[in-house]
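Next comes run-v9.csv, with CSV, N, CA and C atoms.
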chain,number,residue,atom,x,y,z
A,123,MET,N,0.8,-1.2,0.0
A,123,MET,CA,0.0,0.0,0.0
A,123,MET,C,0.9,1.3,0.0
A,124,LYS,N,1.9,1.2,0.8
A,124,LYS,CA,2.8,2.4,0.9
A,124,LYS,C,3.5,2.7,-0.5
A,125,ASN,N,3.9,1.6,-1.2
A,125,ASN,CA,4.5,1.8,-2.5
A,125,ASN,C,3.6,2.4,-3.5
A,126,LYS,N,2.3,2.0,-3.4
A,126,LYS,CA,1.3,2.6,-4.4
A,126,LYS,C,1.1,4.1,-4.0
A,127,SER,N,1.0,4.4,-2.7
A,127,SER,CA,0.9,5.8,-2.3
A,127,SER,C,2.0,6.7,-2.8
A,128,LEU,N,3.3,6.2,-2.7
A,128,LEU,CA,4.4,6.9,-3.2
A,128,LEU,C,4.4,7.1,-4.7
A,129,ARG,N,3.9,6.0,-5.4
A,129,ARG,CA,3.8,6.1,-6.8
A,129,ARG,C,2.8,7.2,-7.2
A,130,HIS,N,1.7,7.3,-6.5
A,130,HIS,CA,0.7,8.3,-6.8
A,130,HIS,C,1.2,9.7,-6.5
A,131,ILE,N,2.0,9.8,-5.4
A,131,ILE,CA,2.6,11.1,-5.1
A,131,ILE,C,3.5,11.6,-6.2
A,132,SER,N,4.3,10.6,-6.7
A,132,SER,CA,5.3,11.0,-7.8
A,132,SER,C,4.5,11.4,-9.1
A,133,HIS,N,3.4,10.7,-9.4
A,133,HIS,CA,2.6,11.0,-10.6
A,133,HIS,C,2.0,12.4,-10.5
A,134,TYR,N,1.4,12.7,-9.3
A,134,TYR,CA,0.8,14.0,-9.1
A,134,TYR,C,1.8,15.1,-9.0
A,135,ALA,N,3.0,14.8,-8.6
A,135,ALA,CA,4.1,15.8,-8.5
A,135,ALA,C,4.5,16.2,-9.9
A,136,VAL,N,4.5,15.2,-10.9
A,136,VAL,CA,4.8,15.5,-12.3
A,136,VAL,C,3.7,16.4,-12.8
A,137,LEU,N,2.4,16.1,-12.5
A,137,LEU,CA,1.3,16.9,-13.0
A,137,LEU,C,1.5,18.3,-12.4
A,138,LEU,N,1.8,18.5,-11.2
A,138,LEU,CA,1.9,19.8,-10.6
A,138,LEU,C,3.0,20.6,-11.2
A,139,ILE,N,4.1,19.9,-11.5
A,139,ILE,CA,5.3,20.6,-12.1
A,139,ILE,C,4.9,21.1,-13.5
A,140,LEU,N,4.2,20.2,-14.3
A,140,LEU,CA,3.7,20.6,-15.6
A,140,LEU,C,2.8,21.9,-15.5
A,141,MET,N,1.9,21.9,-14.6
A,141,MET,CA,1.0,23.0,-14.5
A,141,MET,C,1.7,24.3,-14.0
A,142,VAL,N,2.6,24.2,-13.1
A,142,VAL,CA,3.4,25.3,-12.6
A,142,VAL,C,4.3,25.9,-13.7
A,143,ILE,N,4.9,25.0,-14.5
A,143,ILE,CA,5.8,25.5,-15.6
A,143,ILE,C,4.9,26.3,-16.6
A,144,GLY,N,3.7,25.7,-16.9
A,144,GLY,CA,2.8,26.4,-17.8
A,144,GLY,C,2.4,27.8,-17.3
A,145,LEU,N,2.0,27.8,-16.0
A,145,LEU,CA,1.6,29.1,-15.5
A,145,LEU,C,2.7,30.1,-15.4
A,146,ILE,N,3.9,29.6,-15.1
A,146,ILE,CA,5.1,30.6,-15.0
A,146,ILE,C,5.3,31.1,-16.4
A,147,ILE,N,5.3,30.3,-17.4
A,147,ILE,CA,5.5,30.8,-18.8
A,147,ILE,C,4.5,31.8,-19.2
A,148,ALA,N,3.2,31.5,-18.8
A,148,ALA,CA,2.1,32.4,-19.1
A,148,ALA,C,2.3,33.7,-18.4
A,149,SER,N,2.8,33.7,-17.2
A,149,SER,CA,2.9,34.9,-16.4
A,149,SER,C,4.1,35.8,-16.9
A,150,VAL,N,5.1,35.2,-17.5
A,150,VAL,CA,6.2,36.0,-17.9
A,150,VAL,C,6.2,36.5,-19.3
A,151,THR,N,5.1,36.1,-20.1
A,151,THR,CA,5.0,36.5,-21.5
A,151,THR,C,4.3,37.8,-21.7
A,152,GLY,N,3.9,38.4,-20.6
A,152,GLY,CA,3.3,39.7,-20.8
A,152,GLY,C,1.8,39.6,-21.1
A,153,LYS,N,1.3,40.5,-22.0
A,153,LYS,CA,-0.1,40.5,-22.3
A,153,LYS,C,-0.4,40.0,-23.7
A,154,ASP,N,0.4,39.1,-24.2
A,154,ASP,CA,0.2,38.5,-25.5
A,154,ASP,C,-0.9,37.4,-25.4
A,155,THR,N,-2.1,37.8,-25.8
A,155,THR,CA,-3.3,36.9,-25.6
A,155,THR,C,-3.2,35.7,-26.5
A,156,VAL,N,-2.7,35.8,-27.7
A,156,VAL,CA,-2.5,34.6,-28.5
A,156,VAL,C,-1.6,33.6,-27.9
A,157,PHE,N,-0.5,34.1,-27.4
A,157,PHE,CA,0.5,33.2,-26.8
A,157,PHE,C,-0.1,32.6,-25.5
A,158,HIS,N,-0.8,33.4,-24.7
A,158,HIS,CA,-1.5,32.8,-23.5
A,158,HIS,C,-2.5,31.7,-23.9
A,159,THR,N,-3.2,31.9,-25.0
A,159,THR,CA,-4.1,30.9,-25.4
A,159,THR,C,-3.4,29.6,-25.8
A,160,LEU,N,-2.3,29.7,-26.5
A,160,LEU,CA,-1.5,28.6,-26.9
A,160,LEU,C,-0.9,27.9,-25.7
A,161,ILE,N,-0.5,28.6,-24.7
A,161,ILE,CA,0.0,28.0,-23.5
A,161,ILE,C,-1.1,27.3,-22.7
A,162,LEU,N,-2.2,27.9,-22.6
A,162,LEU,CA,-3.4,27.2,-22.0
A,162,LEU,C,-3.8,25.9,-22.7
A,163,ILE,N,-3.8,26.0,-24.0
A,163,ILE,CA,-4.1,24.8,-24.8
A,163,ILE,C,-3.0,23.7,-24.5
A,164,SER,N,-1.7,24.1,-24.4
A,164,SER,CA,-0.7,23.2,-24.1
A,164,SER,C,-0.8,22.6,-22.8
A,165,ILE,N,-1.2,23.3,-21.8
A,165,ILE,CA,-1.5,22.8,-20.4
A,165,ILE,C,-2.6,21.8,-20.5
A,166,ALA,N,-3.7,22.1,-21.2
A,166,ALA,CA,-4.8,21.1,-21.3
A,166,ALA,C,-4.3,19.8,-22.0
A,167,VAL,N,-3.5,19.9,-23.0
A,167,VAL,CA,-3.0,18.8,-23.7
A,167,VAL,C,-2.1,18.0,-22.8
A,168,ALA,N,-1.3,18.7,-22.1
A,168,ALA,CA,-0.3,18.0,-21.1
A,168,ALA,C,-1.1,17.2,-20.1
A,169,TYR,N,-2.2,17.9,-19.6
A,169,TYR,CA,-3.1,17.2,-18.6
A,169,TYR,C,-3.7,15.9,-19.2
A,170,PHE,N,-4.2,16.0,-20.4
A,170,PHE,CA,-4.8,14.9,-21.1
A,170,PHE,C,-3.8,13.7,-21.3
A,171,ILE,N,-2.6,14.1,-21.7
A,171,ILE,CA,-1.5,13.1,-21.9
A,171,ILE,C,-1.1,12.5,-20.6
A,172,TRP,N,-0.9,13.3,-19.6
A,172,TRP,CA,-0.6,12.8,-18.3
A,172,TRP,C,-1.6,11.9,-17.8
A,173,GLY,N,-2.9,12.2,-18.0
A,173,GLY,CA,-4.0,11.3,-17.5
A,173,GLY,C,-4.0,10.0,-18.2
A,174,ILE,N,-3.7,9.9,-19.5
A,174,ILE,CA,-3.6,8.7,-20.2
A,174,ILE,C,-2.4,7.8,-19.7
A,175,ILE,N,-1.3,8.5,-19.5
A,175,ILE,CA,-0.1,7.8,-19.0
A,175,ILE,C,-0.3,7.3,-17.6
A,176,HIS,N,-0.9,8.1,-16.7
A,176,HIS,CA,-1.2,7.7,-15.3
A,176,HIS,C,-2.1,6.5,-15.3
A,177,SER,N,-3.2,6.6,-16.1
A,177,SER,CA,-4.1,5.5,-16.1
A,177,SER,C,-3.5,4.2,-16.6
A,178,ALA,N,-2.7,4.3,-17.7
A,178,ALA,CA,-2.0,3.2,-18.2
A,178,ALA,C,-1.0,2.5,-17.2
A,179,LEU,N,-0.3,3.4,-16.5
A,179,LEU,CA,0.6,2.8,-15.5
A,179,LEU,C,-0.1,2.1,-14.3
A,180,GLU,N,-1.3,2.6,-14.1
A,180,GLU,CA,-2.2,2.0,-13.0
A,180,GLU,C,-2.9,0.8,-13.5
A,181,GLY,N,-2.9,0.5,-14.8
A,181,GLY,CA,-3.6,-0.6,-15.4
A,181,GLY,C,-5.1,-0.3,-15.5
A,182,GLU,N,-5.5,0.9,-15.5
A,182,GLU,CA,-6.9,1.3,-15.6
A,182,GLU,C,-7.3,2.1,-16.8
A,183,LEU,N,-6.6,1.9,-17.9
A,183,LEU,CA,-6.9,2.7,-19.1
A,183,LEU,C,-8.0,2.1,-19.9
A,184,HIS,N,-9.1,2.8,-19.9
A,184,HIS,CA,-10.3,2.4,-20.7
A,184,HIS,C,-10.8,3.6,-21.5
A,185,SER,N,-11.6,3.4,-22.4
A,185,SER,CA,-12.1,4.5,-23.3
A,185,SER,C,-12.8,5.5,-22.4
A,186,GLU,N,-13.5,5.1,-21.4
A,186,GLU,CA,-14.2,6.0,-20.5
A,186,GLU,C,-13.3,7.0,-19.8
A,187,ILE,N,-12.1,6.4,-19.4
A,187,ILE,CA,-11.1,7.2,-18.7
A,187,ILE,C,-10.5,8.2,-19.6
A,188,ILE,N,-10.2,7.8,-20.9
A,188,ILE,CA,-9.7,8.7,-21.9
A,188,ILE,C,-10.7,9.9,-22.1
A,189,LEU,N,-11.9,9.5,-22.3
A,189,LEU,CA,-13.0,10.5,-22.5
A,189,LEU,C,-13.1,11.5,-21.3
A,190,GLU,N,-13.0,10.9,-20.1
A,190,GLU,CA,-13.0,11.7,-18.9
A,190,GLU,C,-11.9,12.8,-18.9
A,191,TYR,N,-10.7,12.3,-19.1
A,191,TYR,CA,-9.6,13.3,-19.1
A,191,TYR,C,-9.7,14.3,-20.2
A,192,LEU,N,-10.2,13.9,-21.4
A,192,LEU,CA,-10.4,14.8,-22.5
A,192,LEU,C,-11.4,15.9,-22.1
A,193,LEU,N,-12.5,15.4,-21.5
A,193,LEU,CA,-13.6,16.4,-21.2
A,193,LEU,C,-13.2,17.3,-20.1
A,194,PHE,N,-12.5,16.8,-19.1
A,194,PHE,CA,-12.1,17.7,-18.0
A,194,PHE,C,-11.0,18.7,-18.5
A,195,GLY,N,-10.1,18.2,-19.4
A,195,GLY,CA,-9.2,19.2,-19.9
A,195,GLY,C,-9.8,20.3,-20.7
A,196,LEU,N,-10.8,19.9,-21.5
A,196,LEU,CA,-11.6,20.9,-22.3
A,196,LEU,C,-12.4,21.8,-21.4
A,197,LEU,N,-13.0,21.3,-20.4
A,197,LEU,CA,-13.8,22.1,-19.4
A,197,LEU,C,-12.9,23.1,-18.7
A,198,GLY,N,-11.7,22.6,-18.2
A,198,GLY,CA,-10.8,23.5,-17.6
A,198,GLY,C,-10.3,24.6,-18.5
A,199,LEU,N,-10.0,24.2,-19.8
A,199,LEU,CA,-9.6,25.2,-20.8
A,199,LEU,C,-10.6,26.2,-21.0
A,200,ALA,N,-11.9,25.8,-21.2
A,200,ALA,CA,-13.0,26.7,-21.4
A,200,ALA,C,-13.2,27.6,-20.3
A,201,LEU,N,-13.1,27.1,-19.1
A,201,LEU,CA,-13.3,28.0,-17.9
A,201,LEU,C,-12.3,29.0,-17.8
A,202,VAL,N,-11.0,28.6,-17.9
A,202,VAL,CA,-9.9,29.6,-17.8
A,202,VAL,C,-10.0,30.7,-18.9
A,203,LEU,N,-10.2,30.2,-20.1
A,203,LEU,CA,-10.3,31.2,-21.2
A,203,LEU,C,-11.5,32.1,-21.1
A,204,GLY,N,-12.6,31.5,-20.6
A,204,GLY,CA,-13.8,32.4,-20.3
A,204,GLY,C,-13.5,33.4,-19.3
A,205,VAL,N,-12.8,33.1,-18.2
A,205,VAL,CA,-12.5,34.0,-17.2
A,205,VAL,C,-11.5,35.1,-17.7
A,206,LEU,N,-10.5,34.6,-18.4
A,206,LEU,CA,-9.5,35.6,-18.9
A,206,LEU,C,-10.0,36.6,-19.9
A,207,TYR,N,-10.8,36.1,-20.8
A,207,TYR,CA,-11.2,37.0,-21.9
A,207,TYR,C,-12.6,37.6,-21.9
A,208,TYR,N,-13.4,37.0,-21.1
A,208,TYR,CA,-14.8,37.5,-21.1
A,208,TYR,C,-15.3,38.1,-19.8
A,209,LEU,N,-14.5,38.1,-18.8
A,209,LEU,CA,-14.9,38.7,-17.5
A,209,LEU,C,-14.1,39.9,-17.2
Is it possible to give me this structure as structure tokens?
Amino acid sequence: MKNKSLRHISHYAVLLILMVIGLIIASVTGKDTVFHTLILISIAVAYFIWGIIHSALEGELHSEIILEYLLFGLLGLALVLGVLYYL
């Protein structure tokens, strides 16, 4: 059990690092909205790929899981873009 917990922590640490790197890049690029959009899309794609890899390593990769990560990535992207550009 402890080994599985450590494995999960390392998986989520990778996800956190990916997200932080994306946010740092977005914050240092100034007010270039096109570049911000590309960075946010890259973050969503990285989340989707991370989710597939994570599920495959756990032996739980199914089409429903792939769809779930895709939809949550798109939802997060839509929410952030909506907040940034329309509020």
Which neighbours of A:Leu196 fall inside 8 Å, counting all atoms listed in the file, when residues of the same chain fewer than 4 positions from it are skipped, and could you give them as a PyMOL selection string?
chain A and resi 166-167+170+190-192+200-202
Residues at most 8 Å from stretch 131-146 of chain A, counting all atoms listed in the file, excluding those fewer than 2 positions away in the same chain, as a PyMOL selection string?
chain A and resi 125-129+148-151+161-162+164-165+168-169+172+176
What separates atom CA of A:Ile188 and atom N of A:Val156 is a distance of 28.6 Å
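Our summary of the geometry notes that atom N of A:Leu199 is positioned 7.8 Å from atom CA of A:Ile163.
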Can you measure atom CA of A:Thr155 to atom N of A:Gly173 for me? One decimal in Å is fine.
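If I compute the distance from atom CA of A:Thr155 to atom N of A:Gly173, I get 25.8 Å.
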